[in-house]
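data33.pdb, holding PDB, C-alpha atoms and all ligand atoms:
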```pdb
ATOM      1  CA  MET K   1       0.000   0.000   0.000  1.00  0.00           C
ATOM      2  CA  SER K   2       1.468   3.355  -0.967  1.00  0.00           C
ATOM      3  CA  GLN K   3       1.402   6.257   1.462  1.00  0.00           C
ATOM      4  CA  SER K   4      -1.068   8.220  -0.656  1.00  0.00           C
ATOM      5  CA  ASN K   5      -3.539   5.330  -0.682  1.00  0.00           C
ATOM      6  CA  ARG K   6      -3.762   4.858   3.062  1.00  0.00           C
ATOM      7  CA  ILE K   7      -6.877   7.008   3.193  1.00  0.00           C
ATOM      8  CA  LEU K   8      -9.379   7.283   0.336  1.00  0.00           C
ATOM      9  CA  PHE K   9     -12.040   9.996   0.125  1.00  0.00           C
ATOM     10  CA  ALA K  10     -15.419   9.292  -1.451  1.00  0.00           C
ATOM     11  CA  GLY K  11     -17.507  12.046  -3.064  1.00  0.00           C
ATOM     12  CA  ASP K  12     -21.304  12.092  -2.668  1.00  0.00           C
ATOM     13  CA  PRO K  13     -22.458   8.511  -3.377  1.00  0.00           C
ATOM     14  CA  HIS K  14     -26.171   9.414  -3.791  1.00  0.00           C
ATOM     15  CA  GLY K  15     -27.010   5.724  -3.390  1.00  0.00           C
ATOM     16  CA  ASN K  16     -24.178   4.342  -5.528  1.00  0.00           C
ATOM     17  CA  PHE K  17     -21.411   2.831  -3.412  1.00  0.00           C
ATOM     18  CA  LYS K  18     -19.906   0.684  -6.182  1.00  0.00           C
ATOM     19  CA  PRO K  19     -16.994   3.037  -7.071  1.00  0.00           C
ATOM     20  CA  LEU K  20     -15.952   3.283  -3.423  1.00  0.00           C
ATOM     21  CA  ILE K  21     -16.209  -0.478  -2.886  1.00  0.00           C
ATOM     22  CA  ALA K  22     -14.165  -1.163  -6.032  1.00  0.00           C
ATOM     23  CA  ALA K  23     -11.484   1.361  -5.045  1.00  0.00           C
ATOM     24  CA  ALA K  24     -11.258   0.016  -1.477  1.00  0.00           C
ATOM     25  CA  GLN K  25     -10.886  -3.540  -2.772  1.00  0.00           C
ATOM     26  CA  LYS K  26      -8.242  -2.520  -5.278  1.00  0.00           C
ATOM     27  CA  TYR K  27      -6.134  -0.167  -3.135  1.00  0.00           C
ATOM     28  CA  GLN K  28      -6.743  -1.690   0.333  1.00  0.00           C
ATOM     29  CA  PRO K  29      -6.599   1.619   2.241  1.00  0.00           C
ATOM     30  CA  GLU K  30      -6.375   1.738   6.031  1.00  0.00           C
ATOM     31  CA  ALA K  31      -9.496   3.883   6.000  1.00  0.00           C
ATOM     32  CA  VAL K  32     -12.119   5.429   3.753  1.00  0.00           C
ATOM     33  CA  VAL K  33     -13.753   8.789   4.500  1.00  0.00           C
ATOM     34  CA  LEU K  34     -17.157   9.505   2.981  1.00  0.00           C
ATOM     35  CA  LEU K  35     -17.943  13.157   2.289  1.00  0.00           C
ATOM     36  CA  GLY K  36     -21.750  13.116   2.645  1.00  0.00           C
ATOM     37  CA  ASP K  37     -24.998  12.796   0.630  1.00  0.00           C
ATOM     38  CA  TYR K  38     -25.715   9.057   0.772  1.00  0.00           C
ATOM     39  CA  ASP K  39     -29.473   8.938   0.015  1.00  0.00           C
ATOM     40  CA  LEU K  40     -29.705   5.756   2.085  1.00  0.00           C
ATOM     41  CA  VAL K  41     -32.735   3.504   1.622  1.00  0.00           C
ATOM     42  CA  THR K  42     -31.096   0.878   3.873  1.00  0.00           C
ATOM     43  CA  PRO K  43     -28.667   1.327   6.796  1.00  0.00           C
ATOM     44  CA  LEU K  44     -25.170   2.423   5.777  1.00  0.00           C
ATOM     45  CA  GLU K  45     -23.575  -0.858   6.877  1.00  0.00           C
ATOM     46  CA  SER K  46     -25.672  -2.813   4.392  1.00  0.00           C
ATOM     47  CA  CYS K  47     -24.309  -0.672   1.536  1.00  0.00           C
ATOM     48  CA  LEU K  48     -20.701  -1.233   2.590  1.00  0.00           C
ATOM     49  CA  GLU K  49     -20.852  -4.903   3.646  1.00  0.00           C
ATOM     50  CA  GLU K  50     -18.218  -5.884   1.094  1.00  0.00           C
ATOM     51  CA  ILE K  51     -15.541  -3.634   2.579  1.00  0.00           C
ATOM     52  CA  ALA K  52     -16.580  -3.392   6.235  1.00  0.00           C
ATOM     53  CA  GLY K  53     -13.978  -5.959   7.337  1.00  0.00           C
ATOM     54  CA  LEU K  54     -11.349  -4.628   4.963  1.00  0.00           C
ATOM     55  CA  THR K  55     -10.919  -1.018   6.005  1.00  0.00           C
ATOM     56  CA  GLU K  56     -12.046   1.555   8.564  1.00  0.00           C
ATOM     57  CA  ILE K  57     -15.127   3.494   7.490  1.00  0.00           C
ATOM     58  CA  TRP K  58     -15.568   7.145   8.543  1.00  0.00           C
ATOM     59  CA  TRP K  59     -18.056   9.761   7.349  1.00  0.00           C
ATOM     60  CA  ILE K  60     -19.574  13.196   7.569  1.00  0.00           C
ATOM     61  CA  ALA K  61     -23.178  13.965   6.704  1.00  0.00           C
ATOM     62  CA  GLY K  62     -24.365  15.990   3.714  1.00  0.00           C
ATOM     63  CA  ASN K  63     -27.569  17.987   3.313  1.00  0.00           C
ATOM     64  CA  HIS K  64     -29.375  15.078   1.612  1.00  0.00           C
ATOM     65  CA  ASP K  65     -28.900  12.916   4.709  1.00  0.00           C
ATOM     66  CA  PHE K  66     -31.378  15.128   6.561  1.00  0.00           C
ATOM     67  CA  GLU K  67     -34.064  15.094   3.848  1.00  0.00           C
ATOM     68  CA  SER K  68     -36.245  12.437   5.463  1.00  0.00           C
ATOM     69  CA  PRO K  69     -36.373  10.491   8.735  1.00  0.00           C
ATOM     70  CA  GLY K  70     -35.499   7.346   6.770  1.00  0.00           C
ATOM     71  CA  LYS K  71     -32.347   8.747   5.212  1.00  0.00           C
ATOM     72  CA  TYR K  72     -31.386  10.262   8.556  1.00  0.00           C
ATOM     73  CA  ASN K  73     -31.884   7.076  10.578  1.00  0.00           C
ATOM     74  CA  ASN K  74     -30.100   4.919   8.015  1.00  0.00           C
ATOM     75  CA  LEU K  75     -27.021   7.027   8.671  1.00  0.00           C
ATOM     76  CA  PHE K  76     -27.158   8.351  12.226  1.00  0.00           C
ATOM     77  CA  ASN K  77     -28.564   5.146  13.710  1.00  0.00           C
ATOM     78  CA  SER K  78     -26.513   2.819  11.511  1.00  0.00           C
ATOM     79  CA  ALA K  79     -23.852   0.391  12.733  1.00  0.00           C
ATOM     80  CA  PHE K  80     -21.365   3.144  11.813  1.00  0.00           C
ATOM     81  CA  SER K  81     -23.108   5.775  13.926  1.00  0.00           C
ATOM     82  CA  ASP K  82     -19.939   6.238  15.993  1.00  0.00           C
ATOM     83  CA  LYS K  83     -17.816   6.939  12.905  1.00  0.00           C
ATOM     84  CA  ASP K  84     -19.158  10.462  12.394  1.00  0.00           C
ATOM     85  CA  LEU K  85     -16.215  12.900  12.111  1.00  0.00           C
ATOM     86  CA  HIS K  86     -18.379  16.035  12.537  1.00  0.00           C
ATOM     87  CA  LEU K  87     -16.971  18.705  14.875  1.00  0.00           C
ATOM     88  CA  LYS K  88     -14.056  16.641  16.138  1.00  0.00           C
ATOM     89  CA  VAL K  89     -10.545  15.545  15.314  1.00  0.00           C
ATOM     90  CA  THR K  90      -9.959  11.822  14.865  1.00  0.00           C
ATOM     91  CA  GLU K  91      -6.671  10.028  14.327  1.00  0.00           C
ATOM     92  CA  ILE K  92      -6.995   8.032  11.108  1.00  0.00           C
ATOM     93  CA  ALA K  93      -4.094   6.167   9.510  1.00  0.00           C
ATOM     94  CA  GLY K  94      -1.629   8.338  11.424  1.00  0.00           C
ATOM     95  CA  LEU K  95      -3.229  11.656  10.450  1.00  0.00           C
ATOM     96  CA  ARG K  96      -5.412  13.981  12.498  1.00  0.00           C
ATOM     97  CA  VAL K  97      -8.614  14.341  10.495  1.00  0.00           C
ATOM     98  CA  ALA K  98     -11.160  17.040  11.352  1.00  0.00           C
ATOM     99  CA  GLY K  99     -14.749  16.873  10.102  1.00  0.00           C
ATOM    100  CA  LEU K 100     -17.414  19.447   9.278  1.00  0.00           C
ATOM    101  CA  GLY K 101     -20.658  17.935   8.016  1.00  0.00           C
ATOM    102  CA  GLY K 102     -23.883  19.702   7.112  1.00  0.00           C
ATOM    103  CA  ILE K 103     -24.421  22.955   5.269  1.00  0.00           C
ATOM    104  CA  PHE K 104     -24.730  26.672   5.824  1.00  0.00           C
ATOM    105  CA  LEU K 105     -28.405  27.528   6.093  1.00  0.00           C
ATOM    106  CA  GLY K 106     -29.877  31.011   5.713  1.00  0.00           C
ATOM    107  CA  ARG K 107     -32.166  30.623   8.717  1.00  0.00           C
ATOM    108  CA  VAL K 108     -29.212  29.684  10.966  1.00  0.00           C
ATOM    109  CA  TRP K 109     -25.944  31.064   9.583  1.00  0.00           C
ATOM    110  CA  TYR K 110     -25.012  31.874   6.006  1.00  0.00           C
ATOM    111  CA  PRO K 111     -21.534  33.417   5.906  1.00  0.00           C
ATOM    112  CA  PRO K 112     -20.395  36.071   5.335  1.00  0.00           C
ATOM    113  CA  GLN K 113     -23.672  37.233   6.908  1.00  0.00           C
ATOM    114  CA  GLN K 114     -23.823  37.339  10.675  1.00  0.00           C
ATOM    115  CA  PRO K 115     -25.386  34.252  12.289  1.00  0.00           C
ATOM    116  CA  LYS K 116     -29.133  34.473  12.939  1.00  0.00           C
ATOM    117  CA  TRP K 117     -28.618  32.228  15.944  1.00  0.00           C
ATOM    118  CA  LEU K 118     -25.337  31.784  17.817  1.00  0.00           C
ATOM    119  CA  GLY K 119     -26.069  28.147  18.564  1.00  0.00           C
ATOM    120  CA  LYS K 120     -28.777  25.563  19.112  1.00  0.00           C
ATOM    121  CA  HIS K 121     -29.359  26.675  22.707  1.00  0.00           C
ATOM    122  CA  HIS K 122     -29.831  30.264  21.591  1.00  0.00           C
ATOM    123  CA  TYR K 123     -32.326  29.140  18.940  1.00  0.00           C
ATOM    124  CA  LEU K 124     -34.234  26.802  21.263  1.00  0.00           C
ATOM    125  CA  ARG K 125     -34.533  29.476  23.962  1.00  0.00           C
ATOM    126  CA  HIS K 126     -36.432  31.638  21.478  1.00  0.00           C
ATOM    127  CA  GLN K 127     -38.915  28.971  20.423  1.00  0.00           C
ATOM    128  CA  PRO K 128     -42.419  29.081  21.878  1.00  0.00           C
ATOM    129  CA  ALA K 129     -42.768  25.740  23.649  1.00  0.00           C
ATOM    130  CA  ASN K 130     -40.354  23.540  25.581  1.00  0.00           C
ATOM    131  CA  ILE K 131     -38.606  22.271  22.494  1.00  0.00           C
ATOM    132  CA  ARG K 132     -35.523  20.163  23.144  1.00  0.00           C
ATOM    133  CA  TYR K 133     -32.613  19.307  20.869  1.00  0.00           C
ATOM    134  CA  SER K 134     -34.188  15.995  19.941  1.00  0.00           C
ATOM    135  CA  ASP K 135     -37.196  17.957  18.656  1.00  0.00           C
ATOM    136  CA  LEU K 136     -35.104  20.121  16.342  1.00  0.00           C
ATOM    137  CA  SER K 137     -36.298  19.624  12.782  1.00  0.00           C
ATOM    138  CA  LEU K 138     -34.024  17.722  10.435  1.00  0.00           C
ATOM    139  CA  LYS K 139     -33.504  20.954   8.516  1.00  0.00           C
ATOM    140  CA  TYR K 140     -32.046  22.650  11.578  1.00  0.00           C
ATOM    141  CA  LYS K 141     -30.002  19.554  12.407  1.00  0.00           C
ATOM    142  CA  SER K 142     -28.414  19.817   8.955  1.00  0.00           C
ATOM    143  CA  ALA K 143     -27.098  23.308   9.681  1.00  0.00           C
ATOM    144  CA  ILE K 144     -23.594  24.379  10.578  1.00  0.00           C
ATOM    145  CA  TRP K 145     -23.986  26.318  13.831  1.00  0.00           C
ATOM    146  CA  HIS K 146     -21.718  29.247  14.567  1.00  0.00           C
ATOM    147  CA  ASP K 147     -20.727  28.346  18.141  1.00  0.00           C
ATOM    148  CA  GLU K 148     -19.839  24.764  17.219  1.00  0.00           C
ATOM    149  CA  PHE K 149     -17.849  25.971  14.208  1.00  0.00           C
ATOM    150  CA  GLU K 150     -15.900  28.402  16.402  1.00  0.00           C
ATOM    151  CA  ALA K 151     -15.195  25.695  18.993  1.00  0.00           C
ATOM    152  CA  LEU K 152     -13.690  23.464  16.300  1.00  0.00           C
ATOM    153  CA  LYS K 153     -11.101  26.200  15.600  1.00  0.00           C
ATOM    154  CA  ALA K 154      -9.456  25.486  18.956  1.00  0.00           C
ATOM    155  CA  LEU K 155      -8.415  21.990  17.797  1.00  0.00           C
ATOM    156  CA  LYS K 156      -5.441  21.071  15.611  1.00  0.00           C
ATOM    157  CA  ALA K 157      -5.585  18.789  12.571  1.00  0.00           C
ATOM    158  CA  ASP K 158      -3.687  17.759   9.429  1.00  0.00           C
ATOM    159  CA  VAL K 159      -6.660  17.194   7.124  1.00  0.00           C
ATOM    160  CA  LEU K 160     -10.118  18.785   7.121  1.00  0.00           C
ATOM    161  CA  VAL K 161     -13.055  17.041   5.450  1.00  0.00           C
ATOM    162  CA  THR K 162     -16.187  19.080   4.756  1.00  0.00           C
ATOM    163  CA  HIS K 163     -19.390  18.719   2.816  1.00  0.00           C
ATOM    164  CA  GLU K 164     -19.517  22.427   1.931  1.00  0.00           C
ATOM    165  CA  ALA K 165     -16.672  23.864  -0.151  1.00  0.00           C
ATOM    166  CA  PRO K 166     -14.119  26.428   1.004  1.00  0.00           C
ATOM    167  CA  GLY K 167     -13.375  29.592  -0.971  1.00  0.00           C
ATOM    168  CA  SER K 168     -11.417  27.675  -3.624  1.00  0.00           C
ATOM    169  CA  HIS K 169     -14.755  27.020  -5.357  1.00  0.00           C
ATOM    170  CA  ARG K 170     -17.058  29.728  -6.704  1.00  0.00           C
ATOM    171  CA  HIS K 171     -19.861  28.310  -4.535  1.00  0.00           C
ATOM    172  CA  GLY K 172     -17.589  27.912  -1.527  1.00  0.00           C
ATOM    173  CA  PHE K 173     -17.295  29.748   1.784  1.00  0.00           C
ATOM    174  CA  LYS K 174     -14.263  31.723   2.884  1.00  0.00           C
ATOM    175  CA  VAL K 175     -14.903  30.912   6.561  1.00  0.00           C
ATOM    176  CA  ILE K 176     -13.965  27.267   5.924  1.00  0.00           C
ATOM    177  CA  GLY K 177     -10.512  28.525   4.958  1.00  0.00           C
ATOM    178  CA  ASP K 178     -10.390  30.533   8.195  1.00  0.00           C
ATOM    179  CA  LEU K 179     -11.236  27.331  10.062  1.00  0.00           C
ATOM    180  CA  ALA K 180      -8.494  25.403   8.258  1.00  0.00           C
ATOM    181  CA  VAL K 181      -5.907  28.098   9.019  1.00  0.00           C
ATOM    182  CA  ALA K 182      -6.863  28.188  12.704  1.00  0.00           C
ATOM    183  CA  MET K 183      -6.573  24.402  12.919  1.00  0.00           C
ATOM    184  CA  GLY K 184      -3.214  24.242  11.121  1.00  0.00           C
ATOM    185  CA  VAL K 185      -4.730  22.074   8.377  1.00  0.00           C
ATOM    186  CA  LYS K 186      -2.677  21.377   5.220  1.00  0.00           C
ATOM    187  CA  LYS K 187      -5.326  19.676   3.064  1.00  0.00           C
ATOM    188  CA  ILE K 188      -9.089  19.941   2.615  1.00  0.00           C
ATOM    189  CA  PHE K 189     -11.326  17.411   0.865  1.00  0.00           C
ATOM    190  CA  HIS K 190     -14.956  18.302   0.193  1.00  0.00           C
ATOM    191  CA  GLY K 191     -18.019  16.965  -1.598  1.00  0.00           C
ATOM    192  CA  HIS K 192     -21.433  18.518  -2.327  1.00  0.00           C
ATOM    193  CA  LEU K 193     -20.617  20.295  -5.614  1.00  0.00           C
ATOM    194  CA  HIS K 194     -20.169  17.224  -7.829  1.00  0.00           C
ATOM    195  CA  GLU K 195     -16.914  18.413  -9.289  1.00  0.00           C
ATOM    196  CA  ASN K 196     -13.387  16.992  -9.283  1.00  0.00           C
ATOM    197  CA  TYR K 197     -10.898  19.841  -8.998  1.00  0.00           C
ATOM    198  CA  ALA K 198      -7.746  20.904  -7.185  1.00  0.00           C
ATOM    199  CA  GLY K 199      -7.267  24.374  -5.744  1.00  0.00           C
ATOM    200  CA  PHE K 200      -5.453  26.452  -3.181  1.00  0.00           C
ATOM    201  CA  ILE K 201      -6.559  28.814  -0.464  1.00  0.00           C
ATOM    202  CA  LYS K 202      -4.487  31.027   1.839  1.00  0.00           C
ATOM    203  CA  ASN K 203      -1.495  29.610   3.742  1.00  0.00           C
ATOM    204  CA  LYS K 204      -0.894  27.269   0.763  1.00  0.00           C
ATOM    205  CA  ILE K 205      -3.664  24.961   1.970  1.00  0.00           C
ATOM    206  CA  LYS K 206      -4.523  22.511  -0.801  1.00  0.00           C
ATOM    207  CA  VAL K 207      -8.166  21.808  -1.576  1.00  0.00           C
ATOM    208  CA  TRP K 208      -9.697  18.962  -3.529  1.00  0.00           C
ATOM    209  CA  GLY K 209     -13.295  18.747  -4.550  1.00  0.00           C
ATOM    210  CA  VAL K 210     -14.362  15.117  -4.987  1.00  0.00           C
ATOM    211  CA  ALA K 211     -17.169  14.623  -7.498  1.00  0.00           C
ATOM    212  CA  ASP K 212     -20.257  12.499  -6.924  1.00  0.00           C
ATOM    213  CA  GLY K 213     -19.290   8.841  -7.096  1.00  0.00           C
ATOM    214  CA  ALA K 214     -15.590   9.706  -7.384  1.00  0.00           C
ATOM    215  CA  VAL K 215     -12.819   8.471  -5.094  1.00  0.00           C
ATOM    216  CA  ALA K 216      -9.625  10.422  -4.367  1.00  0.00           C
ATOM    217  CA  ASP K 217      -6.423   9.508  -2.554  1.00  0.00           C
ATOM    218  CA  LEU K 218      -4.423  11.650  -0.085  1.00  0.00           C
ATOM    219  CA  LEU K 219      -2.645  13.435  -2.954  1.00  0.00           C
ATOM    220  CA  GLY K 220      -5.967  14.293  -4.554  1.00  0.00           C
ATOM    221  CA  ASN K 221      -5.562  11.825  -7.422  1.00  0.00           C
ATOM    222  CA  THR K 222      -8.919  10.656  -8.755  1.00  0.00           C
ATOM    223  CA  LEU K 223      -8.928   6.849  -8.585  1.00  0.00           C
ATOM    224  CA  SER K 224     -12.364   6.163 -10.080  1.00  0.00           C
TER     225      SER K 224
HETATM  226 ZN    ZN B   1     -24.742  18.081  -0.736  1.00  0.00          ZN
END
```

Using structure tokens, write down the structure from this file.
Ligand SMILES: [Zn+2]
Amino acid sequence: MSQSNRILFAGDPHGNFKPLIAAAQKYQPEAVVLLGDYDLVTPLESCLEEIAGLTEIWWIAGNHDFESPGKYNNLFNSAFSDKDLHLKVTEIAGLRVAGLGGIFLGRVWYPPQQPKWLGKHHYLRHQPANIRYSDLSLKYKSAIWHDEFEALKALKADVLVTHEAPGSHRHGFKVIGDLAVAMGVKKIFHGHLHENYAGFIKNKIKVWGVADGAVADLLGNTLS
């Protein structure tokens, strides 16, 4: 196994896990990281049965994973429920990998605008009844919340995986670059925009967009 193949990154599967399975079988990585938007009609583990014993499986959620209770449960209550990289740093194949799932949402925070709500507690305090976090709608659960985003900046990482794009893409967000700089990140991999590309942001941080159904290695090479 070459160094660049020890982690593979999978762009939005949207129900098709075949390219990821084929790449994992061929390159035998230590781990695969899925960048969101699974459109699961069955639990995630049933889609990845063929490689579950072969490699570690890690993921972040995309906006589509909050579209229905079914899609949500098939991910967040799957056998891989504890492999969510969102808002933490996890050591994977010798690298510190930080995760940011979800999307920026106008009703919560849409940079560069100021956040409408500073965090979930702030939002819930302003709702009429005694709504708890578990009652938050899936739409609100899909959001990137300002206070959680800021807290992530205090951690250090080598690689950042996001569903949303940083400023390297015309539809990206500059604040993701600010996050990467604060965390000391050298590489960003993102999904969501269905485009394979390589770019740079400030501090010479390299960015790779991974297209839907595509698989990239640690050097950003597209493998399938
Ligand atoms: Zn998406």

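Shortest separation to ligand ZN 1 (chain B) among K:His194, K:His169, K:His121, K:Lys139 occurs at residue K:His194, atoms counted being only C-alpha atoms and all ligand atoms.
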
Expected selection from the PyMOL selection byres (((not hetatm)) within 12 of (chain B and resi 1)), given as a VMD selection string: chain K and resid 11 to 14 35 to 39 60 to 67 101 to 104 142 to 143 162 to 165 171 190 to 195 210 to 212

Result set of the PyMOL selection byres (((chain K and resi 119) around 10) and not hetatm) on the coordinates above, as number ranges by chain: K: 108-109, 115-118, 120-124, 144-149

Next, write the just-selected residues to a file, as a PDB file, in the frame of the given file, keeping C-alpha atoms as the atom set.
```
ATOM      1  CA  VAL K 108     -29.212  29.684  10.966  1.00  0.00           C
ATOM      2  CA  TRP K 109     -25.944  31.064   9.583  1.00  0.00           C
ATOM      3  CA  PRO K 115     -25.386  34.252  12.289  1.00  0.00           C
ATOM      4  CA  LYS K 116     -29.133  34.473  12.939  1.00  0.00           C
ATOM      5  CA  TRP K 117     -28.618  32.228  15.944  1.00  0.00           C
ATOM      6  CA  LEU K 118     -25.337  31.784  17.817  1.00  0.00           C
ATOM      7  CA  LYS K 120     -28.777  25.563  19.112  1.00  0.00           C
ATOM      8  CA  HIS K 121     -29.359  26.675  22.707  1.00  0.00           C
ATOM      9  CA  HIS K 122     -29.831  30.264  21.591  1.00  0.00           C
ATOM     10  CA  TYR K 123     -32.326  29.140  18.940  1.00  0.00           C
ATOM     11  CA  LEU K 124     -34.234  26.802  21.263  1.00  0.00           C
ATOM     12  CA  ILE K 144     -23.594  24.379  10.578  1.00  0.00           C
ATOM     13  CA  TRP K 145     -23.986  26.318  13.831  1.00  0.00           C
ATOM     14  CA  HIS K 146     -21.718  29.247  14.567  1.00  0.00           C
ATOM     15  CA  ASP K 147     -20.727  28.346  18.141  1.00  0.00           C
ATOM     16  CA  GLU K 148     -19.839  24.764  17.219  1.00  0.00           C
ATOM     17  CA  PHE K 149     -17.849  25.971  14.208  1.00  0.00           C
TER      18      PHE K 149
END
```

Coordinates-based distance that separates CA of Gly53 (chain K) from CA of Gly209 (chain K) (Å, one decimal): 27.4 Å

Centre and edge lengths of an axis-aligned box around all listed atoms of region 181-193 of chain K, with 3 Å added on each side, are to be given in Å to one decimal, as lines of an AutoDock Vina configuration file.
```
center_x = -12.1
center_y = 22.6
center_z = 3.7
size_x = 24.8
size_y = 17.2
size_z = 24.5
```

Point-to-point distance in Å for CA of Ser4 (chain K) and CA of Trp208 (chain K):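 Atom-to-atom, CA of Trp208 (chain K) and CA of Ser4 (chain K) are spaced 14.1 Å apart.
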
Atom pair CA of Phe76 (chain K) / CA of Val215 (chain K): separation (Å):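 These atoms are spaced 22.5 Å apart.
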
Picked residues, the PyMOL selection byres (((chain K and resi 5) around 9) and not hetatm), expected as a list in words: Met1, Ser2, Gln3, Ser4, Arg6, Ile7, Leu8, Tyr27, Gln28, Pro29, Glu30, Ala216, Asp217, Leu218 and Leu219 of chain K

K:Val161, K:Gly167, K:Val41, K:Ile176 ranked by distance to Ile188 (chain K), top pick (using all atoms listed in the file):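 That would be K:Val161, the residue with the smallest distance to Ile188 (chain K).
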
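Nearest residue to Gly177 (chain K), choosing from K:Ala214, K:Val32, K:Val207, K:Ala151 and counting all atoms listed in the file: K:Val207.
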
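Distances here use only C-alpha atoms; by that measure, the residue among K:Ser78, K:Ala98, K:Arg125, K:Gln114 closest to Lys186 (chain K) is K:Ala98.
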
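Comparing the minimum interatomic distances between Ala23 (chain K) and each of K:Ile131, K:Ala182, K:Leu54, K:Leu75, counting only C-alpha atoms, we find that K:Leu54 sits nearest.
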
Counting all atoms listed in the file, the residue of K:Ser137, K:Asn203, K:Asn221, K:Ser168 that sits nearest Ser68 (chain K): K:Ser137

So which residues are close to (-4.1, 21.2, 3.4), meaning at most 8 Å away in the file's coordinates with all atoms listed in the file counted, and can you show them as a PDB file with C-alpha atoms, in the coordinates of the input?
```pdb
ATOM      1  CA  ASP K 158      -3.687  17.759   9.429  1.00  0.00           C
ATOM      2  CA  VAL K 159      -6.660  17.194   7.124  1.00  0.00           C
ATOM      3  CA  LEU K 160     -10.118  18.785   7.121  1.00  0.00           C
ATOM      4  CA  ALA K 180      -8.494  25.403   8.258  1.00  0.00           C
ATOM      5  CA  VAL K 185      -4.730  22.074   8.377  1.00  0.00           C
ATOM      6  CA  LYS K 186      -2.677  21.377   5.220  1.00  0.00           C
ATOM      7  CA  LYS K 187      -5.326  19.676   3.064  1.00  0.00           C
ATOM      8  CA  ILE K 188      -9.089  19.941   2.615  1.00  0.00           C
ATOM      9  CA  LYS K 204      -0.894  27.269   0.763  1.00  0.00           C
ATOM     10  CA  ILE K 205      -3.664  24.961   1.970  1.00  0.00           C
ATOM     11  CA  LYS K 206      -4.523  22.511  -0.801  1.00  0.00           C
ATOM     12  CA  VAL K 207      -8.166  21.808  -1.576  1.00  0.00           C
TER      13      VAL K 207
END
```
